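Asks: I'd like to ask some things about the structure below.
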Amino acid sequence: MLSSTSRTTLNREKHRGRTDRSELYEILDAGLVCHLGVVVNGHPMVVPTGYGRVGDTLYLHGSTGARSLRTAGEVCVTVTHLDGIVLARSSFNHSINYRSAMIYGVARIVEDAGERIAGLRALTEQLAPGQWDAVRQPTKKELAATAVLALSLEEASVKVRQGPPEDEEEDYALPVWAGVLPLRQTWGAPEPDPVLPPGIPVPAHITERRAPGR
């Protein structure tokens with residue numbers, strides 16, 4: 001179960017909240033990009049970035065020179081999947097179908113070498129499962145230039161909206177089309193690097209990534 005705190009308790013649309021921790025994992029594991037919210041020099045900053053999950057820890061990374069990572073501290077991370085546009089009979093009741101997760105906490109800079117590698121592996125595998133073992137591993141110089149953040153999933157909330165529009169009772173008689181315009185994300189055909197030597201095939205873990213249902 002997800003923990004309930006003053007920051008994760010929904011004040012509006014409470015029926016859209018979810019408390020099963022497995023739903024949090026599903027939303028995170030299905031995503032590719034998160035938004036990292038931090039405060040830098042007294043000003044809010046929201047940075048889109050990649051991430052990876054290992055158990056109840058979320059890992060993020062970036063340049064050691066990035067202001068958003070140097071400050072670390074209290075952060076808020078969000079992941080959202082847009083599943084469709086909900087078109088109602090009135091402009092007021094238009095909405096979207098979505099699945100979202102919001103995580104609060106104090107991010108820590110990972111210093112342990114083993115955990116740093118595990119975090120970077122999770123980040124790579126989140127984007128392309130199987131890629132970490134197929135490519136060159138980072139050098140000491142590259143690792144020194146990379147900051148890895150770890151954020152506990154202890155304080156998190158999940159919110160989901162699915163289904164048709166919810167109109168006012170008197171509006172159902174209006175001669176206006178209403179319904180859902182679904183949105184689905186699919187992978188295109190792999191595009192090789194222009195300088196890739198001939199004869200190097202697309203690896204199986206990449207072709208499987210764009211298979212139907214993935």
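Residue numbering restarts at 1 for every chain of the structure tokens, chains are lettered A, B, ... in their displayed order, and ligands are numbered from 1 as they appear.
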With a distance cut-off of 7 Å and only C-alpha atoms, select the neighbouring residues of Glu155 of chain A, excluding the residue or stretch itself and same-chain residues fewer than 4 positions from it, and output the selection as a ChimeraX atom specification.

Replies: /A:3,103-105

Asks: With C-alpha atoms retained, export the selected residues as a CSV table (one decimal), in the first residue's frame.

Replies:
chain,number,residue,atom,x,y,z
A,3,SER,CA,1.7,5.7,2.4
A,103,ILE,CA,6.9,11.1,-5.7
A,104,TYR,CA,8.1,13.4,-3.0
A,105,GLY,CA,11.3,13.1,-0.9

Asks: Would you give me, as an MDAnalysis selection string, the residues in segment 23-148 of chain A that DSSP reads as alpha helix (DSSP H)?

Replies: chainID A and resid 23:30 67:71 113:127 140:144

Asks: Could you dump the residues just selected with N, CA and C atoms as a short mmCIF file (atom, residue, chain, number, x, y, z; two decimals), in the first residue's frame?

Replies:
data_model
loop_
_atom_site.label_atom_id
_atom_site.label_comp_id
_atom_site.auth_asym_id
_atom_site.auth_seq_id
_atom_site.Cartn_x
_atom_site.Cartn_y
_atom_site.Cartn_z
N GLU A 23 0.37 -0.46 -8.62
CA GLU A 23 -0.02 0.47 -9.67
C GLU A 23 1.04 1.56 -9.85
N LEU A 24 1.69 1.95 -8.75
CA LEU A 24 2.80 2.89 -8.84
C LEU A 24 3.92 2.28 -9.68
N TYR A 25 4.27 1.03 -9.40
CA TYR A 25 5.33 0.37 -10.15
C TYR A 25 4.97 0.27 -11.64
N GLU A 26 3.72 -0.07 -11.94
CA GLU A 26 3.30 -0.22 -13.33
C GLU A 26 3.44 1.09 -14.10
N ILE A 27 3.04 2.19 -13.48
CA ILE A 27 3.14 3.49 -14.14
C ILE A 27 4.59 3.87 -14.37
N LEU A 28 5.43 3.68 -13.37
CA LEU A 28 6.85 4.01 -13.51
C LEU A 28 7.53 3.12 -14.53
N ASP A 29 7.25 1.83 -14.48
CA ASP A 29 7.94 0.90 -15.38
C ASP A 29 7.52 1.08 -16.84
N ALA A 30 6.34 1.65 -17.06
CA ALA A 30 5.86 1.86 -18.43
C ALA A 30 6.33 3.18 -19.02
N ARG A 67 22.85 22.23 -12.36
CA ARG A 67 22.39 22.87 -11.14
C ARG A 67 21.30 22.04 -10.45
N SER A 68 20.43 21.42 -11.24
CA SER A 68 19.31 20.66 -10.67
C SER A 68 19.80 19.46 -9.88
N LEU A 69 20.98 18.94 -10.24
CA LEU A 69 21.51 17.77 -9.54
C LEU A 69 22.45 18.17 -8.41
N ARG A 70 23.15 19.29 -8.58
CA ARG A 70 24.07 19.72 -7.52
C ARG A 70 23.31 20.07 -6.24
N THR A 71 22.13 20.63 -6.40
CA THR A 71 21.38 21.04 -5.22
C THR A 71 20.73 19.85 -4.53
N ALA A 113 30.10 3.00 -5.47
CA ALA A 113 30.38 2.65 -6.86
C ALA A 113 29.42 1.59 -7.40
N GLY A 114 29.15 0.58 -6.58
CA GLY A 114 28.25 -0.48 -7.02
C GLY A 114 26.83 0.03 -7.25
N GLU A 115 26.35 0.89 -6.36
CA GLU A 115 25.00 1.42 -6.52
C GLU A 115 24.93 2.37 -7.71
N ARG A 116 26.01 3.11 -7.95
CA ARG A 116 26.03 4.02 -9.10
C ARG A 116 25.86 3.23 -10.40
N ILE A 117 26.58 2.12 -10.52
CA ILE A 117 26.47 1.28 -11.72
C ILE A 117 25.07 0.69 -11.82
N ALA A 118 24.51 0.23 -10.69
CA ALA A 118 23.17 -0.34 -10.70
C ALA A 118 22.14 0.70 -11.13
N GLY A 119 22.32 1.94 -10.66
CA GLY A 119 21.40 3.01 -11.03
C GLY A 119 21.49 3.35 -12.51
N LEU A 120 22.72 3.44 -13.03
CA LEU A 120 22.91 3.75 -14.45
C LEU A 120 22.39 2.61 -15.33
N ARG A 121 22.57 1.39 -14.87
CA ARG A 121 22.03 0.26 -15.62
C ARG A 121 20.51 0.34 -15.68
N ALA A 122 19.88 0.67 -14.55
CA ALA A 122 18.41 0.78 -14.51
C ALA A 122 17.93 1.86 -15.46
N LEU A 123 18.65 2.98 -15.51
CA LEU A 123 18.29 4.07 -16.42
C LEU A 123 18.35 3.61 -17.88
N THR A 124 19.40 2.90 -18.24
CA THR A 124 19.56 2.42 -19.62
C THR A 124 18.51 1.39 -19.97
N GLU A 125 18.27 0.47 -19.05
CA GLU A 125 17.30 -0.60 -19.30
C GLU A 125 15.87 -0.08 -19.36
N GLN A 126 15.61 1.04 -18.68
CA GLN A 126 14.27 1.64 -18.75
C GLN A 126 13.95 2.07 -20.18
N LEU A 127 14.95 2.61 -20.87
CA LEU A 127 14.76 3.07 -22.24
C LEU A 127 14.78 1.93 -23.24
N LYS A 140 35.97 5.37 -16.28
CA LYS A 140 36.12 6.11 -15.02
C LYS A 140 35.89 7.61 -15.24
N LYS A 141 36.36 8.11 -16.38
CA LYS A 141 36.19 9.53 -16.68
C LYS A 141 34.71 9.87 -16.86
N GLU A 142 34.00 9.00 -17.57
CA GLU A 142 32.57 9.23 -17.80
C GLU A 142 31.79 9.14 -16.49
N LEU A 143 32.17 8.19 -15.64
CA LEU A 143 31.49 8.05 -14.35
C LEU A 143 31.74 9.28 -13.48
N ALA A 144 32.96 9.82 -13.56
CA ALA A 144 33.30 11.00 -12.76
C ALA A 144 32.50 12.22 -13.18
#

Asks: Could you check which of A:Met45, A:Val158, A:Ala147, A:Ala134 is closest to Met102 of chain A, using only C-alpha atoms?

Replies: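 The shortest atom-to-atom distance to Met102 of chain A comes from A:Val158.
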
Asks: Check the DSSP output for the backbone and give back, as a VMD selection string, the residues of segment 24-145 of chain A in strand (DSSP E or B).

Replies: chain A and resid 34 to 40 43 to 49 51 to 54 57 to 63 73 to 87 95 to 109

Asks: Between atom CA of Glu13 of chain A and atom CA of Val180 of chain A, what is the distance in Å, rounded to a tenth?

Replies: 19.4 Å

Asks: Name the closest residue to Val148 of chain A among the candidates A:Gly50, A:Gly188, A:Gly55, A:Pro201; distances are taken between atoms, counting only C-alpha atoms.

Replies: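 Between A:Gly50, A:Gly188, A:Gly55, A:Pro201, the residue approaching Val148 of chain A most closely is A:Gly50.
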
Asks: With only C-alpha atoms as the counted atoms, please give the residues lying no more than 8 Å from Trp187 of chain A, apart from itself and same-chain residues fewer than 2 positions off, as an NGL selection string.

Replies: :A and (185 or 189 or 209-210)

Asks: If I take atom CA of Leu60 of chain A and atom CA of Leu149 of chain A, how far is one from the other in Å, to one decimal?

Replies: 5.1 Å

Asks: Using only C-alpha atoms, which protein or nucleic acid residues come within 10 Å of Val46 of chain A? Drop anything in the same chain fewer than 2 positions from it, and give the result as a compact mmCIF listing (two decimals) with N, CA and C atoms, in the first residue's frame.

Replies:
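around_1.txt, freshly written:
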# COMPACT_ATOMS: atom_id res chain seq x y z
N CYS A 34 10.59 11.33 -16.95
CA CYS A 34 9.95 11.91 -15.79
C CYS A 34 10.26 13.40 -15.76
N HIS A 35 9.58 14.12 -14.88
CA HIS A 35 9.88 15.54 -14.67
C HIS A 35 10.35 15.72 -13.23
N LEU A 36 11.56 16.20 -13.10
CA LEU A 36 12.19 16.40 -11.80
C LEU A 36 12.02 17.85 -11.38
N GLY A 37 11.30 18.07 -10.28
CA GLY A 37 11.08 19.41 -9.77
C GLY A 37 11.99 19.69 -8.58
N VAL A 38 12.78 20.76 -8.67
CA VAL A 38 13.70 21.14 -7.60
C VAL A 38 13.61 22.66 -7.40
N VAL A 39 14.20 23.11 -6.32
CA VAL A 39 14.32 24.55 -6.08
C VAL A 39 15.79 24.91 -6.14
N PRO A 44 11.86 27.73 -8.47
CA PRO A 44 11.51 26.38 -8.90
C PRO A 44 12.06 26.08 -10.29
N PRO A 48 12.87 17.76 -17.47
CA PRO A 48 12.53 16.45 -18.02
C PRO A 48 13.79 15.61 -18.13
N THR A 49 13.73 14.36 -17.69
CA THR A 49 14.93 13.52 -17.70
C THR A 49 14.55 12.05 -17.67
N SER A 68 20.43 21.42 -11.24
CA SER A 68 19.31 20.66 -10.67
C SER A 68 19.80 19.46 -9.88
N VAL A 75 12.84 17.14 -3.45
CA VAL A 75 12.44 17.13 -4.85
C VAL A 75 11.03 16.58 -5.00
N CYS A 76 10.48 16.76 -6.18
CA CYS A 76 9.21 16.14 -6.56
C CYS A 76 9.38 15.61 -7.97
N VAL A 77 9.09 14.33 -8.17
CA VAL A 77 9.23 13.70 -9.48
C VAL A 77 7.85 13.24 -9.95
N THR A 78 7.52 13.53 -11.20
CA THR A 78 6.23 13.10 -11.75
C THR A 78 6.43 12.31 -13.04

Asks: List the neighbours of Lys159 of chain A out to 12 Å using only C-alpha atoms; skip same-chain residues closer than 3 positions along the sequence, and give me the result as a PyMOL selection string.

Replies: chain A and resi 2+8-21+23-24+27+78-81+97-103+156+162

Asks: Produce a file of the selected residues containing C-alpha atoms, as a compact mmCIF listing (two decimals), in the first residue's frame.

Replies:
# COMPACT_ATOMS: atom_id res chain seq x y z
CA LEU A 2 1.08 3.58 -0.62
CA THR A 8 0.02 12.65 -1.15
CA THR A 9 -3.56 12.88 0.12
CA LEU A 10 -5.92 14.01 -2.65
CA ASN A 11 -8.19 16.93 -1.81
CA ARG A 12 -10.12 16.83 -5.09
CA GLU A 13 -11.32 13.94 -7.25
CA LYS A 14 -10.45 11.52 -4.48
CA HIS A 15 -12.03 8.63 -6.41
CA ARG A 16 -9.20 8.89 -8.90
CA GLY A 17 -6.57 8.12 -6.31
CA ARG A 18 -4.97 4.68 -6.09
CA THR A 19 -3.40 3.13 -3.02
CA ASP A 20 -2.01 -0.14 -4.41
CA ARG A 21 1.78 0.11 -4.64
CA GLU A 23 -0.02 0.47 -9.67
CA LEU A 24 2.80 2.89 -8.84
CA ILE A 27 3.14 3.49 -14.14
CA THR A 78 6.23 13.10 -11.75
CA VAL A 79 5.49 10.57 -14.49
CA THR A 80 2.35 10.88 -16.62
CA HIS A 81 0.84 8.74 -19.36
CA ASN A 97 -7.70 10.01 -19.55
CA TYR A 98 -4.36 9.50 -17.87
CA ARG A 99 -2.25 7.57 -15.37
CA SER A 100 0.09 9.59 -13.20
CA ALA A 101 2.52 9.14 -10.33
CA MET A 102 4.02 11.78 -8.08
CA ILE A 103 6.94 11.08 -5.73
CA ALA A 156 4.17 8.71 -3.50
CA GLN A 162 -10.30 6.53 -17.40

Asks: Nearest to Thr207 of chain A: which of A:Gln131, A:Thr57, A:Ser90, A:Asn41 is it, counting only C-alpha atoms?

Replies: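 Closest residue, counting only C-alpha atoms: A:Gln131.
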
Asks: Would you please work out which residue, of A:Arg53, A:Arg89, A:His205, A:His43, is nearest to Tyr172 of chain A when using only C-alpha atoms?

Replies: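 Smallest distance to Tyr172 of chain A is found for A:Arg89.
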
Asks: Quick one: everything within 7 Å of Leu183 of chain A, counting only C-alpha atoms, minus sequence neighbours fewer than 4 positions away in the same chain. Send it as a list in words.

Replies: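 Counting only the stated atoms, we get Leu82, Asp83 and Gly84 of chain A.
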
Asks: Take the selection from the previous step and output its residues with N, CA and C atoms, as a short mmCIF file (atom, residue, chain, number, x, y, z; two decimals), in the first residue's frame.

Replies:
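What landed in selection-v3.cif:
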data_model
loop_
_atom_site.label_atom_id
_atom_site.label_comp_id
_atom_site.auth_asym_id
_atom_site.auth_seq_id
_atom_site.Cartn_x
_atom_site.Cartn_y
_atom_site.Cartn_z
N LEU A 82 -0.51 9.92 -21.01
CA LEU A 82 -1.74 10.45 -21.58
C LEU A 82 -2.38 9.35 -22.43
N ASP A 83 -3.58 8.92 -22.05
CA ASP A 83 -4.25 7.82 -22.74
C ASP A 83 -5.36 8.26 -23.68
N GLY A 84 -5.80 9.50 -23.56
CA GLY A 84 -6.84 9.95 -24.47
C GLY A 84 -7.40 11.30 -24.08
#
